[in-house]
>>> print(open('target.csv').read())   # CSV, C-alpha atoms
chain,number,residue,atom,x,y,z
A,18,ASN,CA,160.4,62.9,124.1
A,19,PHE,CA,161.6,66.5,124.1
A,20,LEU,CA,164.8,67.1,126.0
A,21,ALA,CA,166.6,70.4,126.6
A,22,ILE,CA,170.3,70.2,127.5
A,23,PRO,CA,171.4,73.5,129.0
A,24,GLY,CA,174.2,75.1,127.0
A,25,ARG,CA,174.1,72.4,124.3
A,26,GLY,CA,170.7,72.2,122.6
A,27,VAL,CA,167.6,70.2,122.3
A,28,GLU,CA,166.6,66.7,121.2
A,29,GLY,CA,163.2,65.2,120.5
A,30,THR,CA,161.3,62.7,118.3
A,31,VAL,CA,159.8,64.0,115.1
A,32,GLU,CA,157.6,61.6,113.1
A,33,GLY,CA,159.5,58.6,114.7
A,34,ARG,CA,162.9,60.1,114.1
A,35,THR,CA,165.2,61.4,116.8
A,36,ILE,CA,166.4,64.8,115.9
A,37,ARG,CA,169.0,66.9,117.7
A,38,ILE,CA,169.6,70.6,117.2
A,39,GLY,CA,172.4,72.4,119.1
A,40,ALA,CA,175.9,73.6,119.3
A,41,PRO,CA,178.2,72.5,116.4
A,42,ASP,CA,180.7,70.7,118.7
A,43,TRP,CA,177.8,68.7,120.1
A,44,THR,CA,176.2,67.8,116.8
A,45,LEU,CA,178.6,68.1,113.9
A,46,SER,CA,181.9,66.9,112.6
A,47,GLY,CA,183.8,67.0,109.4
A,48,GLU,CA,182.6,69.1,106.5
A,49,PRO,CA,179.3,70.2,108.2
A,50,LEU,CA,181.3,71.5,111.1
A,51,ALA,CA,183.4,73.6,108.7
A,52,VAL,CA,180.2,75.0,107.2
A,53,ALA,CA,179.1,76.0,110.7
A,54,LEU,CA,182.4,77.7,111.4
A,55,ALA,CA,182.1,79.6,108.2
A,56,LEU,CA,178.7,80.9,109.3
A,57,ALA,CA,180.3,82.0,112.6
A,58,GLU,CA,182.9,84.0,110.9
A,59,ASP,CA,180.2,86.0,109.2
A,60,GLY,CA,178.8,86.9,112.7
A,61,ASN,CA,176.2,84.1,113.0
A,62,THR,CA,175.7,81.7,115.8
A,63,PRO,CA,175.6,78.2,114.1
A,64,PHE,CA,173.4,75.2,115.1
A,65,GLY,CA,173.8,71.8,113.8
A,66,VAL,CA,170.8,69.6,112.9
A,67,VAL,CA,171.3,65.9,112.9
A,68,GLU,CA,169.3,62.7,113.1
A,69,ILE,CA,170.4,60.2,115.8
A,70,ALA,CA,170.2,56.5,114.8
A,71,ARG,CA,169.4,53.7,117.2
A,72,ASP,CA,173.0,52.7,117.4
A,73,GLY,CA,173.9,56.2,118.5
A,74,SER,CA,175.4,57.4,115.3
A,75,SER,CA,174.4,60.7,113.7
A,76,ARG,CA,173.5,61.8,110.2
A,77,PRO,CA,173.8,65.6,109.5
A,78,LEU,CA,170.7,67.2,108.1
A,79,GLY,CA,171.8,70.8,107.9
A,80,VAL,CA,173.2,73.9,109.6
A,81,ILE,CA,171.2,76.9,110.9
A,82,GLY,CA,172.9,80.3,111.3
A,83,VAL,CA,171.2,82.7,113.7
A,84,SER,CA,172.3,86.3,113.9
A,85,ASP,CA,171.4,88.1,117.2
A,86,GLN,CA,170.4,91.7,116.9
A,87,PRO,CA,171.3,94.0,119.8
A,88,ARG,CA,168.5,95.8,121.6
A,89,PRO,CA,168.0,99.3,120.1
A,90,GLU,CA,169.0,100.9,123.3
A,91,ALA,CA,172.0,98.6,124.0
A,92,ILE,CA,174.7,101.0,122.6
A,93,GLU,CA,173.4,103.9,124.8
A,94,ALA,CA,173.1,101.6,127.8
A,95,VAL,CA,176.8,100.5,127.5
A,96,ARG,CA,177.9,104.1,127.0
A,97,GLU,CA,176.1,105.2,130.1
A,98,LEU,CA,177.7,102.4,132.1
A,99,HIS,CA,181.1,103.5,130.9
A,100,GLU,CA,180.4,107.0,131.9
A,101,LEU,CA,179.8,105.7,135.4
A,102,GLY,CA,183.2,104.0,135.4
A,103,VAL,CA,181.8,100.5,135.0
A,104,LYS,CA,183.6,97.8,133.0
A,105,THR,CA,181.3,95.8,130.8
A,106,VAL,CA,181.7,92.1,130.1
A,107,MET,CA,179.5,89.9,127.9
A,108,LEU,CA,179.1,86.3,129.0
A,109,THR,CA,177.4,84.2,126.3
A,110,GLY,CA,177.0,80.7,125.1
A,111,ASP,CA,177.1,81.9,121.5
A,112,HIS,CA,180.1,81.1,119.2
A,113,GLU,CA,183.1,83.3,119.9
A,114,LEU,CA,183.2,84.9,116.5
A,115,ALA,CA,179.6,85.8,116.5
A,116,ALA,CA,179.8,87.1,120.1
A,117,LYS,CA,182.8,89.3,119.3
A,118,ALA,CA,180.9,90.8,116.3
A,119,ILE,CA,178.0,91.8,118.5
A,120,ALA,CA,180.3,93.1,121.3
A,121,ALA,CA,182.1,95.3,118.9
A,122,ARG,CA,178.8,96.8,117.6
A,123,VAL,CA,177.6,97.5,121.1
A,124,GLY,CA,180.9,98.7,122.6
A,125,VAL,CA,181.4,96.0,125.3
A,126,ASP,CA,184.8,96.0,126.9
A,127,ASP,CA,185.3,92.2,127.1
A,128,VAL,CA,183.5,89.1,125.8
A,129,ARG,CA,183.7,85.5,126.9
A,130,ALA,CA,181.9,83.2,124.6
A,131,GLY,CA,181.0,79.5,124.3
A,132,LEU,CA,180.0,79.3,128.0
A,133,LEU,CA,177.8,76.7,129.6
A,134,PRO,CA,175.8,77.7,132.6
A,135,ALA,CA,178.5,76.4,134.9
A,136,ASP,CA,181.1,78.4,132.9
A,137,LYS,CA,179.1,81.6,133.4
A,138,ALA,CA,179.0,81.0,137.1
A,139,LYS,CA,182.7,80.4,137.2
A,140,ALA,CA,183.4,83.6,135.2
A,141,VAL,CA,181.2,85.6,137.6
A,142,SER,CA,183.2,84.2,140.6
A,143,ASP,CA,186.5,85.1,138.9
A,144,LEU,CA,185.3,88.6,138.0
A,145,LYS,CA,184.1,89.2,141.6
A,146,ALA,CA,187.6,88.9,143.0
A,147,GLY,CA,188.6,92.2,144.4
A,148,SER,CA,185.6,94.2,143.0
A,149,GLY,CA,181.9,94.4,143.1
A,150,LEU,CA,180.0,92.7,140.3
A,151,LEU,CA,176.5,93.3,138.9
A,152,MET,CA,175.1,90.6,136.6
A,153,VAL,CA,172.3,91.2,134.1
A,154,GLY,CA,170.5,88.2,132.5
A,155,ASP,CA,167.2,86.9,131.4
A,156,GLY,CA,167.6,83.2,130.5
A,157,ILE,CA,167.7,79.9,132.2
A,158,ASN,CA,171.5,79.6,131.6
A,159,ASP,CA,172.0,83.0,133.4
A,160,ALA,CA,170.4,81.8,136.7
A,161,PRO,CA,173.5,80.3,138.4
A,162,ALA,CA,175.6,83.4,137.5
A,163,LEU,CA,172.8,85.7,138.8
A,164,ALA,CA,172.8,83.9,142.1
A,165,LEU,CA,176.6,84.3,142.5
A,166,ALA,CA,176.8,88.0,141.6
A,167,ASP,CA,176.8,90.7,144.3
A,168,VAL,CA,173.7,92.0,142.6
A,169,GLY,CA,171.6,90.2,140.0
A,170,ILE,CA,169.3,92.0,137.7
A,171,ALA,CA,166.7,90.2,135.5
A,172,MET,CA,164.7,91.6,132.6
A,173,GLY,CA,161.2,91.8,133.9
A,174,ARG,CA,159.1,91.1,130.8
A,175,GLY,CA,161.5,89.0,128.7
A,176,GLY,CA,163.1,87.1,131.5
A,177,THR,CA,162.5,83.5,132.4
A,178,ASP,CA,160.8,82.6,135.7
A,179,VAL,CA,164.1,81.0,136.9
A,180,ALA,CA,166.0,84.2,136.2
A,181,LEU,CA,163.4,86.4,137.9
A,182,GLU,CA,163.3,84.2,141.0
A,183,THR,CA,167.1,84.2,141.3
A,184,ALA,CA,167.8,87.9,140.7
A,185,ASP,CA,167.8,90.5,143.4
A,186,ILE,CA,166.2,93.1,141.1
A,187,ALA,CA,163.8,92.8,138.2
A,188,LEU,CA,163.5,95.6,135.6
A,189,MET,CA,159.8,96.2,134.9
A,190,ARG,CA,160.7,97.6,131.5
A,191,ASP,CA,162.7,95.6,129.0
A,192,ASP,CA,165.2,98.5,128.7
A,193,VAL,CA,168.8,97.8,129.6
A,194,ARG,CA,169.3,101.5,130.2
A,195,GLY,CA,167.6,100.8,133.5
A,196,VAL,CA,170.8,99.2,134.8
A,197,ALA,CA,172.6,102.6,134.7
A,198,GLU,CA,169.6,104.2,136.4
A,199,ILE,CA,169.8,101.6,139.2
A,200,LEU,CA,173.5,102.3,139.7
A,201,GLN,CA,173.0,106.0,139.8
A,202,LEU,CA,170.2,105.7,142.3
A,203,GLY,CA,172.2,103.3,144.4
A,204,ARG,CA,175.2,105.7,144.5
A,205,ARG,CA,173.0,108.7,145.3
A,206,THR,CA,171.3,106.7,148.1
A,207,VAL,CA,174.5,105.8,149.7
A,208,ALA,CA,175.7,109.4,149.5
A,209,THR,CA,172.5,110.6,151.0
A,210,ILE,CA,172.7,108.2,153.9
A,211,ARG,CA,176.2,109.5,154.6
A,212,GLN,CA,175.0,113.1,154.4
A,213,ASN,CA,172.1,112.3,156.8
A,214,VAL,CA,174.4,110.6,159.3
A,215,THR,CA,176.8,113.5,159.2
A,216,ILE,CA,174.0,116.1,159.6
A,217,SER,CA,172.4,114.3,162.4
A,218,PHE,CA,175.6,113.7,164.3
A,219,ALA,CA,176.8,117.3,163.8
A,220,ILE,CA,173.5,118.7,165.2
A,221,LYS,CA,173.7,116.3,168.2
A,222,VAL,CA,177.3,117.2,169.0
A,223,VAL,CA,176.6,121.0,168.8
A,224,ALA,CA,173.5,120.6,171.0
A,225,ILE,CA,175.4,118.6,173.6
A,226,VAL,CA,178.3,121.1,173.7
A,227,LEU,CA,175.9,124.0,174.0
A,228,GLY,CA,173.9,122.1,176.6
A,229,VAL,CA,177.0,121.5,178.8
A,230,ALA,CA,177.9,125.2,178.5
A,231,GLY,CA,174.4,126.1,179.7
A,232,PHE,CA,173.1,127.6,176.5
A,233,VAL,CA,170.4,125.0,175.7
A,234,ASN,CA,167.2,124.4,177.5
A,235,LEU,CA,164.7,121.6,177.1
A,236,TRP,CA,162.7,123.3,174.3
A,237,ILE,CA,165.8,124.1,172.3
A,238,ALA,CA,167.0,120.5,172.7
A,239,VAL,CA,163.6,119.2,171.4
A,240,ALA,CA,163.7,121.7,168.5
A,241,ALA,CA,167.2,120.5,167.6
A,242,ASP,CA,166.2,116.9,167.7
A,243,MET,CA,163.1,117.5,165.6
A,244,GLY,CA,165.0,119.8,163.3
A,245,ALA,CA,167.6,117.0,162.6
A,246,SER,CA,164.8,114.6,161.8
A,247,LEU,CA,163.2,117.1,159.4
A,248,LEU,CA,166.5,117.9,157.7
A,249,VAL,CA,167.4,114.2,157.0
A,250,THR,CA,163.9,113.5,155.8
A,251,ALA,CA,163.9,116.4,153.4
A,252,ASN,CA,167.4,115.4,152.2
A,253,GLY,CA,166.2,111.9,151.6
A,254,LEU,CA,163.2,113.1,149.6
A,255,ARG,CA,165.6,114.5,147.0
A,256,LEU,CA,166.1,110.9,145.9
A,257,LEU,CA,162.5,110.7,144.9
A,258,ARG,CA,162.7,114.0,142.9
A,259,GLY,CA,165.8,112.7,141.1
A,260,ALA,CA,164.1,109.4,140.2
A,261,LYS,CA,161.0,111.2,138.8
A,262,HIS,CA,163.3,113.4,136.7
A,263,GLU,CA,165.1,110.4,135.2
A,264,HIS,CA,161.8,108.6,134.5
A,265,ALA,CA,160.5,111.6,132.7
A,266,HIS,CA,163.7,112.0,130.8
A,267,ASN,CA,163.6,108.4,129.5
>>> encode(input="target.csv", output="structure tokens")
Amino acid sequence: NFLAIPGRGVEGTVEGRTIRIGAPDWTLSGEPLAVALALAEDGNTPFGVVEIARDGSSRPLGVIGVSDQPRPEAIEAVRELHELGVKTVMLTGDHELAAKAIAARVGVDDVRAGLLPADKAKAVSDLKAGSGLLMVGDGINDAPALALADVGIAMGRGGTDVALETADIALMRDDVRGVAEILQLGRRTVATIRQNVTISFAIKVVAIVLGVAGFVNLWIAVAADMGASLLVTANGLRLLRGAKHEHAHN
């Protein structure tokens, strides 16, 4: 009878007993809740463990404190995003005290903790107002937020199926530094497109002006048209060279 409640915890039957494990405010009260809060102050995310009686009452069995460890590359990834002028915000269902401890270690600008899936989606909607927003996630609880973001990125290996299906981009390597790489590539791509449009337009205008003045024959016009195509193609190929360089660097 296993049951998973998003953002709350899990419940199931163990040897005939109904056991619930989840967020302290969903499972605990009184002194056990105070123990859970003490664990949170030490940087742990607490979970209450209770037995549910047939009349719906609960009996506390214990408290589990889990301490998340940042990915080894997380600090560098956040630093790279800051260098690109990106503000970083952590959205998490973990306890606020534990989340702030992790955010401080990594260098995240802002943290919003204790969020249910719907809360994450609302936070994304609020953050989108007036600016572009990129969401990175890998869990079931991240799927609604990934769907609402301007661009959703899921971790390819560690991400859940729901997150991968919802996101616009999936990182094939579980390395969050790939987010900065994607942003850099996207910016270079847009810049290259603008350059190519400008180059092509400029060549066409010059060819038309010279043609009206009688300085351009058919062969020169064909050469100008072909030359513009070759120029924009060569300019676009610089993106591939840059991507290979970054891949080798990492």
>>> atom_distance(input="target.csv", atom1="atom CA of Trp236 of chain A", atom2="atom CA of Leu254 of chain A")
26.7 Å
>>> closest_residue(input="target.csv", among="A:Ala197, A:Ala138, A:Val233, A:Ile210", to="Leu98 of chain A", atoms="all atoms listed in the file")
A:Ala197
>>> closest_residue(input="target.csv", among="A:Ala187, A:Ala40, A:Val141, A:Ala230", to="Thr62 of chain A", atoms="all atoms listed in the file")
A:Ala40
>>> atom_distance(input="target.csv", atom1="atom CA of Met189 of chain A", atom2="atom CA of Gln86 of chain A")
21.4 Å
>>> residues_around(input="target.csv", residues="Pro41 of chain A", least_positions_apart="6", cutoff="10 Å", atoms="only C-alpha atoms", output="list in words")
Arg25, Gly26, Pro49, Leu50, Ala51, Val52, Ala53, Leu54, Thr62, Pro63, Phe64, Gly65, Val66, Val80, Ile81 and His112 of chain A
>>> closest_residue(input="target.csv", among="A:Arg211, A:Ala241, A:Ala160, A:Ala146", to="Ile225 of chain A", atoms="only C-alpha atoms")
A:Ala241
>>> closest_residue(input="target.csv", among="A:Ala251, A:Leu188, A:Ala55, A:Pro87", to="Leu114 of chain A", atoms="only C-alpha atoms")
A:Ala55
>>> decode(input="target.csv", residues="segment 84-111 of chain A", atoms="N, CA, C and O atoms", output="compact mmCIF listing (two decimals), in the first residue's frame")
# COMPACT_ATOMS: atom_id res chain seq x y z
N SER A 84 21.47 15.31 5.42
CA SER A 84 22.27 16.46 5.02
C SER A 84 22.67 16.32 3.56
O SER A 84 23.42 15.41 3.20
N ASP A 85 22.13 17.18 2.72
CA ASP A 85 22.49 17.15 1.29
C ASP A 85 23.91 17.66 1.10
O ASP A 85 24.35 18.59 1.78
N GLN A 86 24.60 17.06 0.17
CA GLN A 86 25.95 17.49 -0.18
C GLN A 86 25.93 18.11 -1.58
O GLN A 86 25.46 17.49 -2.52
N PRO A 87 26.39 19.33 -1.71
CA PRO A 87 26.41 19.96 -3.04
C PRO A 87 27.27 19.15 -4.01
O PRO A 87 28.23 18.51 -3.61
N ARG A 88 26.89 19.20 -5.28
CA ARG A 88 27.72 18.56 -6.30
C ARG A 88 29.11 19.20 -6.26
O ARG A 88 29.24 20.41 -6.01
N PRO A 89 30.16 18.42 -6.53
CA PRO A 89 31.52 18.96 -6.47
C PRO A 89 31.72 20.19 -7.35
O PRO A 89 32.50 21.09 -7.01
N GLU A 90 31.02 20.23 -8.48
CA GLU A 90 31.20 21.33 -9.42
C GLU A 90 30.22 22.47 -9.22
O GLU A 90 30.20 23.46 -9.97
N ALA A 91 29.36 22.39 -8.17
CA ALA A 91 28.29 23.37 -7.99
C ALA A 91 28.81 24.78 -7.76
O ALA A 91 28.28 25.75 -8.33
N ILE A 92 29.84 24.92 -6.92
CA ILE A 92 30.37 26.26 -6.62
C ILE A 92 30.89 26.92 -7.89
O ILE A 92 30.62 28.09 -8.17
N GLU A 93 31.63 26.15 -8.70
CA GLU A 93 32.16 26.69 -9.95
C GLU A 93 31.04 27.03 -10.92
O GLU A 93 31.09 28.04 -11.62
N ALA A 94 30.00 26.17 -10.95
CA ALA A 94 28.87 26.42 -11.86
C ALA A 94 28.16 27.72 -11.52
O ALA A 94 27.82 28.51 -12.40
N VAL A 95 27.93 27.96 -10.22
CA VAL A 95 27.26 29.19 -9.80
C VAL A 95 28.15 30.40 -10.10
O VAL A 95 27.67 31.45 -10.55
N ARG A 96 29.45 30.27 -9.87
CA ARG A 96 30.37 31.37 -10.16
C ARG A 96 30.33 31.72 -11.65
O ARG A 96 30.31 32.91 -12.02
N GLU A 97 30.32 30.71 -12.51
CA GLU A 97 30.28 30.96 -13.95
C GLU A 97 28.98 31.66 -14.36
O GLU A 97 28.98 32.54 -15.23
N LEU A 98 27.87 31.28 -13.72
CA LEU A 98 26.60 31.94 -14.02
C LEU A 98 26.63 33.39 -13.58
O LEU A 98 26.13 34.28 -14.29
N HIS A 99 27.24 33.66 -12.42
CA HIS A 99 27.35 35.04 -11.97
C HIS A 99 28.20 35.87 -12.92
O HIS A 99 27.91 37.04 -13.16
N GLU A 100 29.25 35.27 -13.46
CA GLU A 100 30.10 35.98 -14.41
C GLU A 100 29.34 36.34 -15.69
O GLU A 100 29.68 37.31 -16.37
N LEU A 101 28.31 35.55 -16.00
CA LEU A 101 27.47 35.82 -17.17
C LEU A 101 26.35 36.81 -16.85
O LEU A 101 25.51 37.11 -17.71
N GLY A 102 26.32 37.30 -15.61
CA GLY A 102 25.29 38.26 -15.22
C GLY A 102 23.96 37.63 -14.85
O GLY A 102 22.92 38.30 -14.89
N VAL A 103 23.98 36.35 -14.49
CA VAL A 103 22.75 35.63 -14.16
C VAL A 103 22.54 35.61 -12.65
O VAL A 103 23.46 35.29 -11.90
N LYS A 104 21.35 35.93 -12.21
CA LYS A 104 21.00 35.82 -10.80
C LYS A 104 20.53 34.39 -10.53
O LYS A 104 19.72 33.85 -11.28
N THR A 105 21.06 33.78 -9.48
CA THR A 105 20.72 32.39 -9.17
C THR A 105 19.77 32.32 -7.98
O THR A 105 19.96 33.02 -6.98
N VAL A 106 18.76 31.47 -8.10
CA VAL A 106 17.76 31.28 -7.05
C VAL A 106 17.56 29.78 -6.83
O VAL A 106 17.37 29.04 -7.79
N MET A 107 17.63 29.34 -5.59
CA MET A 107 17.39 27.94 -5.26
C MET A 107 15.93 27.77 -4.83
O MET A 107 15.46 28.45 -3.93
N LEU A 108 15.23 26.85 -5.50
CA LEU A 108 13.86 26.49 -5.12
C LEU A 108 13.90 25.06 -4.60
O LEU A 108 14.29 24.15 -5.33
N THR A 109 13.51 24.85 -3.36
CA THR A 109 13.64 23.53 -2.77
C THR A 109 12.52 23.24 -1.77
O THR A 109 11.96 24.16 -1.17
N GLY A 110 12.22 21.98 -1.63
CA GLY A 110 11.25 21.56 -0.64
C GLY A 110 11.88 21.31 0.72
O GLY A 110 11.19 21.02 1.69
N ASP A 111 13.21 21.42 0.80
CA ASP A 111 13.91 21.20 2.07
C ASP A 111 13.58 22.29 3.08
O ASP A 111 13.07 23.36 2.74
